[in-house]
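query_8.tsv (TSV, C-alpha atoms) appears below.
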```tsv
chain	number	residue	atom	x	y	z
I	1	MET	CA	-19.00	21.95	1.99
I	2	ASP	CA	-21.00	20.45	-0.86
I	3	ILE	CA	-21.60	16.71	-1.24
I	4	LEU	CA	-19.13	16.25	-4.13
I	5	LYS	CA	-16.29	17.84	-2.19
I	6	THR	CA	-17.27	15.88	0.93
I	7	VAL	CA	-17.08	12.61	-1.01
I	8	HIS	CA	-13.72	13.63	-2.49
I	9	VAL	CA	-12.19	14.61	0.86
I	10	GLY	CA	-13.65	11.53	2.56
I	11	CYS	CA	-12.06	9.31	-0.06
I	12	VAL	CA	-8.74	11.11	0.42
I	13	VAL	CA	-8.81	10.17	4.11
I	14	LEU	CA	-9.87	6.59	3.37
I	15	SER	CA	-7.25	6.21	0.64
I	16	LEU	CA	-4.34	7.35	2.79
I	17	SER	CA	-5.57	5.35	5.79
I	18	GLY	CA	-5.90	2.24	3.66
I	19	PHE	CA	-2.44	2.72	2.17
I	20	VAL	CA	-0.83	3.08	5.60
I	21	LEU	CA	-2.77	0.08	6.92
I	22	ARG	CA	-1.76	-2.11	3.96
I	23	GLY	CA	1.86	-1.01	4.36
I	24	THR	CA	1.75	-1.98	8.03
I	25	TRP	CA	0.18	-5.34	7.21
I	26	LEU	CA	2.85	-5.95	4.57
I	27	TRP	CA	5.68	-5.40	7.05
I	28	ARG	CA	3.97	-7.63	9.61
I	29	ASP	CA	3.11	-10.29	7.00
I	30	SER	CA	-0.54	-10.14	8.07
I	31	PRO	CA	-3.04	-12.51	6.48
I	32	TRP	CA	-5.39	-9.51	6.18
I	33	LEU	CA	-3.25	-8.31	3.28
I	34	ARG	CA	-4.40	-11.28	1.22
I	35	ALA	CA	-8.09	-10.93	2.09
I	36	ARG	CA	-10.43	-10.24	-0.81
I	37	VAL	CA	-11.78	-7.04	0.76
I	38	THR	CA	-8.23	-5.72	1.14
I	39	ARG	CA	-7.55	-6.31	-2.53
I	40	VAL	CA	-10.87	-4.84	-3.79
I	41	LEU	CA	-11.78	-1.97	-1.45
I	42	PRO	CA	-8.77	0.26	-2.26
I	43	HIS	CA	-9.74	0.20	-5.94
I	44	VAL	CA	-13.32	1.19	-5.09
I	45	VAL	CA	-12.15	4.04	-2.83
I	46	ASP	CA	-9.54	5.31	-5.29
I	47	SER	CA	-11.93	5.11	-8.26
I	48	THR	CA	-14.51	7.08	-6.30
I	49	LEU	CA	-11.82	9.59	-5.31
I	50	LEU	CA	-10.76	10.04	-8.94
I	51	ALA	CA	-14.33	10.29	-10.21
I	52	ALA	CA	-15.20	12.92	-7.60
I	53	GLY	CA	-12.02	14.84	-8.46
I	54	ILE	CA	-12.85	14.83	-12.16
I	55	ALA	CA	-16.42	15.89	-11.42
I	56	LEU	CA	-15.16	18.77	-9.24
I	57	ALA	CA	-12.74	19.89	-11.95
I	58	LEU	CA	-15.46	19.85	-14.60
I	59	ARG	CA	-18.02	21.57	-12.38
I	60	ASP	CA	-15.58	24.32	-11.39
I	61	SER	CA	-14.04	24.65	-14.88
I	62	GLN	CA	-10.58	23.87	-13.51
I	63	TYR	CA	-8.50	21.79	-15.91
I	64	PRO	CA	-5.02	20.22	-15.88
I	65	PHE	CA	-2.60	21.85	-18.32
I	66	VAL	CA	-4.66	25.05	-18.00
I	67	HIS	CA	-4.37	25.57	-14.24
I	68	ALA	CA	-0.88	24.92	-12.88
I	69	TRP	CA	-2.02	23.70	-9.47
I	70	LEU	CA	-4.23	21.02	-11.02
I	71	THR	CA	-1.45	19.97	-13.38
I	72	ALA	CA	0.85	19.60	-10.36
I	73	LYS	CA	-1.77	17.47	-8.60
I	74	LEU	CA	-2.18	15.22	-11.62
I	75	ILE	CA	1.57	14.69	-12.06
I	76	ALA	CA	1.97	14.08	-8.33
I	77	LEU	CA	-0.93	11.60	-8.42
I	78	ILE	CA	0.81	9.57	-11.11
I	79	LEU	CA	4.02	9.61	-9.05
I	80	TYR	CA	2.06	8.57	-5.93
I	81	ILE	CA	0.53	5.61	-7.78
I	82	LEU	CA	3.94	4.48	-9.04
I	83	LEU	CA	5.56	4.80	-5.60
I	84	GLY	CA	2.61	3.08	-3.93
I	85	SER	CA	2.89	0.18	-6.37
I	86	ILE	CA	6.57	-0.20	-5.57
I	87	ALA	CA	5.89	0.03	-1.83
I	88	LEU	CA	3.11	-2.55	-1.75
I	89	LYS	CA	3.82	-4.85	-4.66
I	90	TYR	CA	6.83	-4.36	-6.91
I	91	GLY	CA	9.63	-3.43	-4.52
I	92	GLN	CA	12.21	-6.19	-4.59
I	93	THR	CA	13.77	-5.53	-1.19
I	94	PRO	CA	12.42	-4.30	2.13
I	95	ARG	CA	14.61	-1.21	1.74
I	96	GLN	CA	13.12	-0.38	-1.68
I	97	ARG	CA	9.61	-0.86	-0.32
I	98	ALA	CA	10.27	1.30	2.74
I	99	PHE	CA	11.79	4.09	0.66
I	100	ALA	CA	8.89	4.00	-1.82
I	101	PHE	CA	6.38	3.94	1.06
I	102	GLY	CA	7.88	7.03	2.71
I	103	ALA	CA	8.19	8.84	-0.63
I	104	ALA	CA	4.56	7.99	-1.46
I	105	ILE	CA	3.40	9.50	1.84
I	106	LEU	CA	5.36	12.69	1.13
I	107	VAL	CA	3.90	12.93	-2.38
I	108	PHE	CA	0.41	12.38	-0.94
I	109	LEU	CA	0.95	15.22	1.53
I	110	TYR	CA	2.15	17.42	-1.34
I	111	ILE	CA	-1.06	16.65	-3.26
I	112	VAL	CA	-3.14	17.65	-0.24
I	113	ALA	CA	-1.12	20.86	0.20
I	114	VAL	CA	-1.62	21.77	-3.47
I	115	ALA	CA	-5.35	21.05	-3.19
I	116	ILE	CA	-5.72	23.27	-0.13
I	117	THR	CA	-3.62	26.20	-1.37
I	118	ARG	CA	-4.29	25.82	-5.10
I	119	ARG	CA	-0.64	26.67	-5.64
I	120	ALA	CA	1.86	24.43	-7.36
I	121	GLY	CA	5.46	24.28	-6.25
I	122	LEU	CA	7.72	22.78	-3.65
I	123	GLY	CA	7.57	25.83	-1.39
I	124	LEU	CA	4.29	24.56	0.02
I	125	LEU	CA	5.71	22.14	2.55
```
How would this structure read if it were set down as structure tokens?
Amino acid sequence: MDILKTVHVGCVVLSLSGFVLRGTWLWRDSPWLRARVTRVLPHVVDSTLLAAGIALALRDSQYPFVHAWLTAKLIALILYILLGSIALKYGQTPRQRAFAFGAAILVFLYIVAVAITRRAGLGLL
């Protein structure tokens, strides 16, 4: 595996791990959730993830709205970001946050499945 793909996949693991950890801290009202590193590090990881993804797409001449699987990943990424925001910040009730958290995890798994198979569609899972 080349370095660019290694960085991308490593950031995928860190991103999901961080999301699950922050969700757990939210439900437990942990002071770690308010720590500066907890507020900054996810943005660094996710920006690196996005930059590596864009670099891979450009290097491999794979573009959204040209290749269906990459379009599906991009749309799912936007949905994941929205659901994650509801789960960790904007959900008004614990039930809304829990639903958004679970849905975000499912969307994340869909993104990974699309990346591995390079096939768009709901028949992947």
For range 106-121 of chain I: contacts at 8 Å, only C-alpha atoms, fewer than 2 positions along chain excluded, given as a PyMOL selection string: chain I and resi 16+68-70+72-73+76-77+79-80+102-104+123-125
Gap from CA of Leu4 in chain I to CA of Leu83 in chain I - Å, one decimal: 27.3 Å
Option closest in space to Ile3 in chain I, from I:Val44, I:Trp27, I:Ala52, I:Ser61 [counting only C-alpha atoms]: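 Between I:Val44, I:Trp27, I:Ala52, I:Ser61, the residue approaching Ile3 in chain I most closely is I:Ala52.
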Pairwise distance for CA of Asp60 in chain I and CA of His8 in chain I, rounded to one decimal in Å: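 So the two atoms, CA of Asp60 in chain I and CA of His8 in chain I, lie 14.0 Å apart.
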One-decimal distance in Å that lies between CA of Phe101 in chain I and CA of Gly84 in chain I: 6.3 Å
Residue nearest Leu41 in chain I - candidates I:Gly18, I:Gly53, I:Gly91, I:Gly23, atoms counted: all atoms listed in the file: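 Between I:Gly18, I:Gly53, I:Gly91, I:Gly23, the residue approaching Leu41 in chain I most closely is I:Gly18.
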With 8 Å on each side, where is the centre of the axis-aligned box around all listed atoms of range 11-16 of chain I, and how long are its edges in Å to one decimal, as AutoDock Vina command-line options?
```
--center_x -8.2 --center_y 8.7 --center_z 2.0 --size_x 23.7 --size_y 20.9 --size_z 20.2
```
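Of the listed residues I:Lys5, I:His43, I:Arg59, I:Arg95, the one whose atoms come nearest to Phe19 in chain I is I:His43, with distances taken using all atoms listed in the file.
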Exercise: Thr38 in chain I partners within 10 Å, only C-alpha atoms, chain neighbours under 6 positions left out, as a PyMOL selection string: chain I and resi 18+21-22+32
Best match for closeness to Ala100 in chain I among I:Cys11, I:Ile54, I:Val20, I:Ala87, counting all atoms listed in the file: I:Ala87
Which of I:Leu88, I:Leu49, I:Ala98, I:Leu122 sits closest to Leu33 in chain I [using only C-alpha atoms]: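 Ranked by minimum distance to Leu33 in chain I, first place goes to I:Leu88.
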Can you put N, CA and C atoms back into range 60-92 of chain I and show it as an mmCIF file, keeping the file's coordinate frame?
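After the write, selection.cif holds the following:
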```cif
data_model
loop_
_atom_site.group_PDB
_atom_site.id
_atom_site.type_symbol
_atom_site.label_atom_id
_atom_site.label_comp_id
_atom_site.auth_asym_id
_atom_site.auth_seq_id
_atom_site.Cartn_x
_atom_site.Cartn_y
_atom_site.Cartn_z
ATOM 1 N N ASP I 60 -16.200 23.025 -11.703
ATOM 2 C CA ASP I 60 -15.580 24.320 -11.390
ATOM 3 C C ASP I 60 -14.768 24.894 -12.545
ATOM 4 N N SER I 61 -14.807 24.223 -13.692
ATOM 5 C CA SER I 61 -14.040 24.650 -14.880
ATOM 6 C C SER I 61 -12.559 24.838 -14.565
ATOM 7 N N GLN I 62 -11.999 23.882 -13.855
ATOM 8 C CA GLN I 62 -10.580 23.870 -13.510
ATOM 9 C C GLN I 62 -9.978 22.652 -14.216
ATOM 10 N N TYR I 63 -9.005 22.881 -15.085
ATOM 11 C CA TYR I 63 -8.500 21.790 -15.910
ATOM 12 C C TYR I 63 -6.985 21.669 -15.812
ATOM 13 N N PRO I 64 -6.481 20.401 -15.814
ATOM 14 C CA PRO I 64 -5.020 20.220 -15.880
ATOM 15 C C PRO I 64 -4.499 20.804 -17.191
ATOM 16 N N PHE I 65 -3.281 21.246 -17.174
ATOM 17 C CA PHE I 65 -2.600 21.850 -18.320
ATOM 18 C C PHE I 65 -3.171 23.225 -18.672
ATOM 19 N N VAL I 66 -4.156 23.676 -17.911
ATOM 20 C CA VAL I 66 -4.660 25.050 -18.000
ATOM 21 C C VAL I 66 -4.360 25.745 -16.683
ATOM 22 N N HIS I 67 -4.609 25.055 -15.583
ATOM 23 C CA HIS I 67 -4.370 25.570 -14.240
ATOM 24 C C HIS I 67 -3.184 24.814 -13.644
ATOM 25 N N ALA I 68 -2.144 25.535 -13.320
ATOM 26 C CA ALA I 68 -0.880 24.920 -12.880
ATOM 27 C C ALA I 68 -1.057 24.046 -11.642
ATOM 28 N N TRP I 69 -1.868 24.475 -10.692
ATOM 29 C CA TRP I 69 -2.020 23.700 -9.470
ATOM 30 C C TRP I 69 -2.651 22.341 -9.758
ATOM 31 N N LEU I 70 -3.588 22.286 -10.694
ATOM 32 C CA LEU I 70 -4.230 21.020 -11.020
ATOM 33 C C LEU I 70 -3.294 20.124 -11.833
ATOM 34 N N THR I 71 -2.470 20.728 -12.659
ATOM 35 C CA THR I 71 -1.450 19.970 -13.380
ATOM 36 C C THR I 71 -0.478 19.343 -12.390
ATOM 37 N N ALA I 72 -0.068 20.110 -11.389
ATOM 38 C CA ALA I 72 0.850 19.600 -10.360
ATOM 39 C C ALA I 72 0.217 18.435 -9.605
ATOM 40 N N LYS I 73 -1.068 18.556 -9.286
ATOM 41 C CA LYS I 73 -1.770 17.470 -8.600
ATOM 42 C C LYS I 73 -1.803 16.216 -9.451
ATOM 43 N N LEU I 74 -2.084 16.363 -10.720
ATOM 44 C CA LEU I 74 -2.180 15.220 -11.620
ATOM 45 C C LEU I 74 -0.827 14.514 -11.754
ATOM 46 N N ILE I 75 0.224 15.273 -11.950
ATOM 47 C CA ILE I 75 1.570 14.690 -12.060
ATOM 48 C C ILE I 75 1.957 14.008 -10.749
ATOM 49 N N ALA I 76 1.670 14.659 -9.638
ATOM 50 C CA ALA I 76 1.970 14.080 -8.330
ATOM 51 C C ALA I 76 1.143 12.813 -8.086
ATOM 52 N N LEU I 77 -0.081 12.790 -8.559
ATOM 53 C CA LEU I 77 -0.930 11.600 -8.420
ATOM 54 C C LEU I 77 -0.313 10.408 -9.149
ATOM 55 N N ILE I 78 0.167 10.644 -10.352
ATOM 56 C CA ILE I 78 0.810 9.570 -11.110
ATOM 57 C C ILE I 78 2.051 9.070 -10.365
ATOM 58 N N LEU I 79 2.843 9.990 -9.824
ATOM 59 C CA LEU I 79 4.020 9.610 -9.050
ATOM 60 C C LEU I 79 3.624 8.828 -7.798
ATOM 61 N N TYR I 80 2.556 9.263 -7.122
ATOM 62 C CA TYR I 80 2.060 8.570 -5.930
ATOM 63 C C TYR I 80 1.652 7.133 -6.274
ATOM 64 N N ILE I 81 0.957 6.951 -7.375
ATOM 65 C CA ILE I 81 0.530 5.610 -7.780
ATOM 66 C C ILE I 81 1.738 4.720 -8.057
ATOM 67 N N LEU I 82 2.731 5.262 -8.748
ATOM 68 C CA LEU I 82 3.940 4.480 -9.040
ATOM 69 C C LEU I 82 4.682 4.107 -7.748
ATOM 70 N N LEU I 83 4.864 5.075 -6.868
ATOM 71 C CA LEU I 83 5.560 4.800 -5.600
ATOM 72 C C LEU I 83 4.770 3.824 -4.733
ATOM 73 N N GLY I 84 3.445 3.992 -4.699
ATOM 74 C CA GLY I 84 2.610 3.080 -3.930
ATOM 75 C C GLY I 84 2.694 1.652 -4.456
ATOM 76 N N SER I 85 2.760 1.511 -5.770
ATOM 77 C CA SER I 85 2.890 0.180 -6.370
ATOM 78 C C SER I 85 4.224 -0.468 -5.998
ATOM 79 N N ILE I 86 5.263 0.327 -5.982
ATOM 80 C CA ILE I 86 6.570 -0.200 -5.570
ATOM 81 C C ILE I 86 6.537 -0.582 -4.093
ATOM 82 N N ALA I 87 5.936 0.269 -3.279
ATOM 83 C CA ALA I 87 5.890 0.030 -1.830
ATOM 84 C C ALA I 87 5.099 -1.220 -1.477
ATOM 85 N N LEU I 88 3.989 -1.451 -2.141
ATOM 86 C CA LEU I 88 3.110 -2.550 -1.750
ATOM 87 C C LEU I 88 3.237 -3.808 -2.598
ATOM 88 N N LYS I 89 3.842 -3.683 -3.777
ATOM 89 C CA LYS I 89 3.820 -4.850 -4.660
ATOM 90 C C LYS I 89 5.141 -5.121 -5.373
ATOM 91 N N TYR I 90 5.721 -4.117 -5.994
ATOM 92 C CA TYR I 90 6.830 -4.360 -6.910
ATOM 93 C C TYR I 90 8.221 -4.146 -6.329
ATOM 94 N N GLY I 91 8.322 -3.610 -5.135
ATOM 95 C CA GLY I 91 9.630 -3.430 -4.520
ATOM 96 C C GLY I 91 10.288 -4.778 -4.280
ATOM 97 N N GLN I 92 11.550 -4.891 -4.666
ATOM 98 C CA GLN I 92 12.210 -6.190 -4.590
ATOM 99 C C GLN I 92 12.891 -6.439 -3.240
#
```
